[in-house]
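Q: Structure incoming, see below.
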Amino acid sequence: MNKQRQLLNLFDITMIVIGLVIGMGIFRTASDSARAAITPNVFFISWIVGGLIALCGALTYAEIGSRYPITGGYYKIFATCYHPSIAFGVNCIILISNAASLSGVALIGSEYIAQIIFDGPTSDFTKALIAMTAIGLFYGINLMGLRMSSTTQNILMVVKIGMILLIVAAVFFPASTPQVSQVAATSDWSTMDYIKSFGLALIAVSFTYGGYQQTINFGDEVKHPQKNLPRGIVIGILVIILLYLSVSYAYYHIIGFEELKQAKGIAAIVAERMFGSTGRYAFSILLFIAVLAYVNVLLLSNPRVMFAMSEDGILPKAFSKKDDKGVLTVSLTVYAIISVVVLFFADTFDKILSFTIFLDSIGMAFSAATIFIIRKRTAHLDKKSIYSMRLFPLMPVVFITAYVFVATSIAIDQPTTALTATGVLAVFLAIYFFTQKKKTHHAGTAS
């Protein structure tokens, strides 16, 4: 059985890292980070720093996974290193965050497809309705018992990478005329202005670089983990940084910095500069299809997390209920409802982005900090064939500090969003202690 699990080589882990990180955000978040950046330098530095933070995080999670290789590691490390209540609370907000991410990505797709369906400007409510329709459509498909095959996932990755390379190629395409933007004078900006601008730009960047935390699940499934795991992660993150910087430069070069701040459907704009209106329409349709597939993937995967928590006794048994086709009807329905509720209360991508990243920041900081506890408990394994990162404790400290900085930036800029997210965590913690107290009471009564 172990031989079966130790099959991931250097190329495998590199592609896994790239696949985990590259989603749909790069087709939208460059506009958000540009709007937050007061200069092009702040814009590009945020993408570089975001990549380096991702590298620190990915290596940290790789070591956690190597030292504590267990199914459902991202849930188990909280219960093992802190308390089951923290495991419940944080993993519930991660589920909420994933639902918000699903809603945000659906909104990205609705922005692109709305430009084809409607001639003029489209209201945020209309875009939210399109996104809800997409979620409802794939909820129905999943309820019928259909599964997305790995072939479909591979096609999706090819489509996404192909669209990214197309955008990068626009820089060298004669038909795409560079747009010259005037950037406001910087003489009145203080050091604090730059720090605040950088923090806000990093919010959108962090969303785009997310996903690498799932490397925690591959620590014991890599050949020669001490060598291949760090190499695969470093190569993967460097490739991603290069792709993201190239795409961001293409947006900057083709659309212009000031125009980029307000532009909608930025990838389609680049396609239009290259191939005219036909290219814009084709690109918008392709991207919407890719978004729909992403929505389906999250509707497939996250209910299974709820199933695992139910099996562990953390969520009610109803969440592990399956119908005759093997569909997790309760978990799937609840997760789809959560995604729609997020859209209902936050009908713009910007609101969802801040909510998602604030919740993620809490989960990231808490989960990465477990490396200090796990290292101490597994000190006897240091000479074994596990992966131990270099520059410890610098890498996890940089990573945790960065996410505390991002969360602080959101709290300063959007205190209501931060309070709402914190309130959600508090509610889940209260639910845990209430249900545990109820279980203890029932057990005492039964005895």
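Ligands are numbered from 1 in the order shown, chains are lettered A, B, ... in the order of the structure tokens, and residues start at 1 in each chain.
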Can you pull out every residue within 10 Å of A:Val334, counting only C-alpha atoms, but drop anything in the same chain fewer than 5 positions away, and send it as a PyMOL selection string?
A: chain A and resi 303+306+319+329+339-340
Q: Using the selection just defined, write its residues with C-alpha atoms as a JSON list (two decimals), in the first residue's frame.
A:
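out11.json, freshly written:
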```
[["chain", "number", "residue", "atom", "x", "y", "z"],
["A", 303, "PRO", "CA", -19.81, 18.65, 0.49],
["A", 306, "MET", "CA", -18.83, 18.27, 5.38],
["A", 319, "PHE", "CA", -24.58, 15.69, 6.59],
["A", 329, "THR", "CA", -28.00, 15.39, -0.63],
["A", 339, "SER", "CA", -23.05, 29.95, -1.81],
["A", 340, "VAL", "CA", -26.30, 31.62, -2.89]]
```
Q: At a cut-off of 8 Å, using only C-alpha atoms, what residues contact A:Ala365? Leave out same-chain residues fewer than 6 positions from it and give the result as a ChimeraX atom specification.
A: /A:399-401,403-404
Q: Pick the closest to A:Ile289 from A:Leu238, A:Val406, A:Ile155, A:Ala336: which is it, counting only C-alpha atoms?
A: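 Under the stated criterion, the closest residue is A:Ile155.
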Q: For atom CA of A:Lys322 and atom CA of A:Gly136, determine how far apart the two atoms are, in Å to one decimal place.
A: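 We find that atom CA of A:Lys322 and atom CA of A:Gly136 lie 19.6 Å from each other.
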Q: Using only C-alpha atoms for the distances, tell me which of A:Thr348, A:Asp188, A:Gly19, A:Ile108 is nearest to A:Ser123.
A: A:Thr348
Q: Calculated over only C-alpha atoms, which of the candidates A:Val427, A:Val295, A:Cys92, A:Ala170 has the smallest distance to A:Met274?
A: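 Among A:Val427, A:Val295, A:Cys92, A:Ala170, it is A:Ala170 that comes nearest to A:Met274.
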Q: Give me, as a tab-separated table, the closest atom pair and its distance (Å, one decimal) for every residue of stretch 189-304 of chain A within a cut-off of 6 Å of stretch 23-47 of chain A, counting only C-alpha atoms, rows sorted by chain and rising number.
A:
```
residue	atom	partner	partner_atom	distance
A:Ser197	CA	A:Ala37	CA	5.2
A:Leu200	CA	A:Ala36	CA	5.6
A:Ala201	CA	A:Ser33	CA	4.2
A:Leu202	CA	A:Ser46	CA	5.6
A:Ala204	CA	A:Thr29	CA	5.5
A:Thr208	CA	A:Gly25	CA	5.0
A:Leu260	CA	A:Ser31	CA	5.5
A:Lys261	CA	A:Arg35	CA	4.4
A:Ala267	CA	A:Phe27	CA	5.7
```
Q: Next, the residues of the selection above should be written as a compact mmCIF listing (two decimals), in the first residue's frame with N, CA and C atoms.
A:
```
# COMPACT_ATOMS: atom_id res chain seq x y z
N SER A 197 -1.65 51.18 0.54
CA SER A 197 -1.92 50.79 -0.85
C SER A 197 -1.42 49.37 -1.12
N LEU A 200 -3.73 46.75 0.55
CA LEU A 200 -5.00 46.56 -0.16
C LEU A 200 -4.79 45.82 -1.48
N ALA A 201 -3.69 46.12 -2.18
CA ALA A 201 -3.38 45.42 -3.43
C ALA A 201 -3.13 43.94 -3.16
N LEU A 202 -2.55 43.66 -1.99
CA LEU A 202 -2.19 42.28 -1.63
C LEU A 202 -3.42 41.43 -1.36
N ALA A 204 -6.27 41.26 -3.19
CA ALA A 204 -6.65 40.62 -4.46
C ALA A 204 -5.60 39.62 -4.91
N THR A 208 -5.70 35.33 -5.65
CA THR A 208 -5.25 34.72 -6.90
C THR A 208 -4.19 33.65 -6.67
N LEU A 260 -7.01 50.19 -16.44
CA LEU A 260 -7.12 48.87 -15.83
C LEU A 260 -7.88 48.92 -14.52
N LYS A 261 -7.76 50.00 -13.79
CA LYS A 261 -8.42 50.13 -12.49
C LYS A 261 -9.94 50.05 -12.60
N ALA A 267 -9.69 40.39 -19.47
CA ALA A 267 -9.13 39.40 -20.40
C ALA A 267 -9.81 39.50 -21.77
```
Q: Find the distance between atom CA of A:Thr14 and atom CA of A:Gly236 and write it in Å to one decimal.
A: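 Going from atom CA of A:Thr14 over to atom CA of A:Gly236 covers 4.9 Å.
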Q: Check the DSSP output for the backbone and give back, as a ChimeraX atom specification, the residues of stretch 257-413 of chain A in alpha helix (DSSP H).
A: /A:257-262,266-311,329-345,349-377,394-413
Q: Take atom CA of A:Gly89 and atom CA of A:Tyr432 and report the distance between them in Å, one decimal.
A: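 Interatomic distance, atom CA of A:Gly89 to atom CA of A:Tyr432: 7.6 Å.
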Q: Using only C-alpha atoms, which of the listed residues (A:Leu292, A:Ser103, A:Ala402, A:Val247) sits closest to A:Ile352?
A: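 Comparing A:Leu292, A:Ser103, A:Ala402, A:Val247 against A:Ile352, the winner is A:Ser103.
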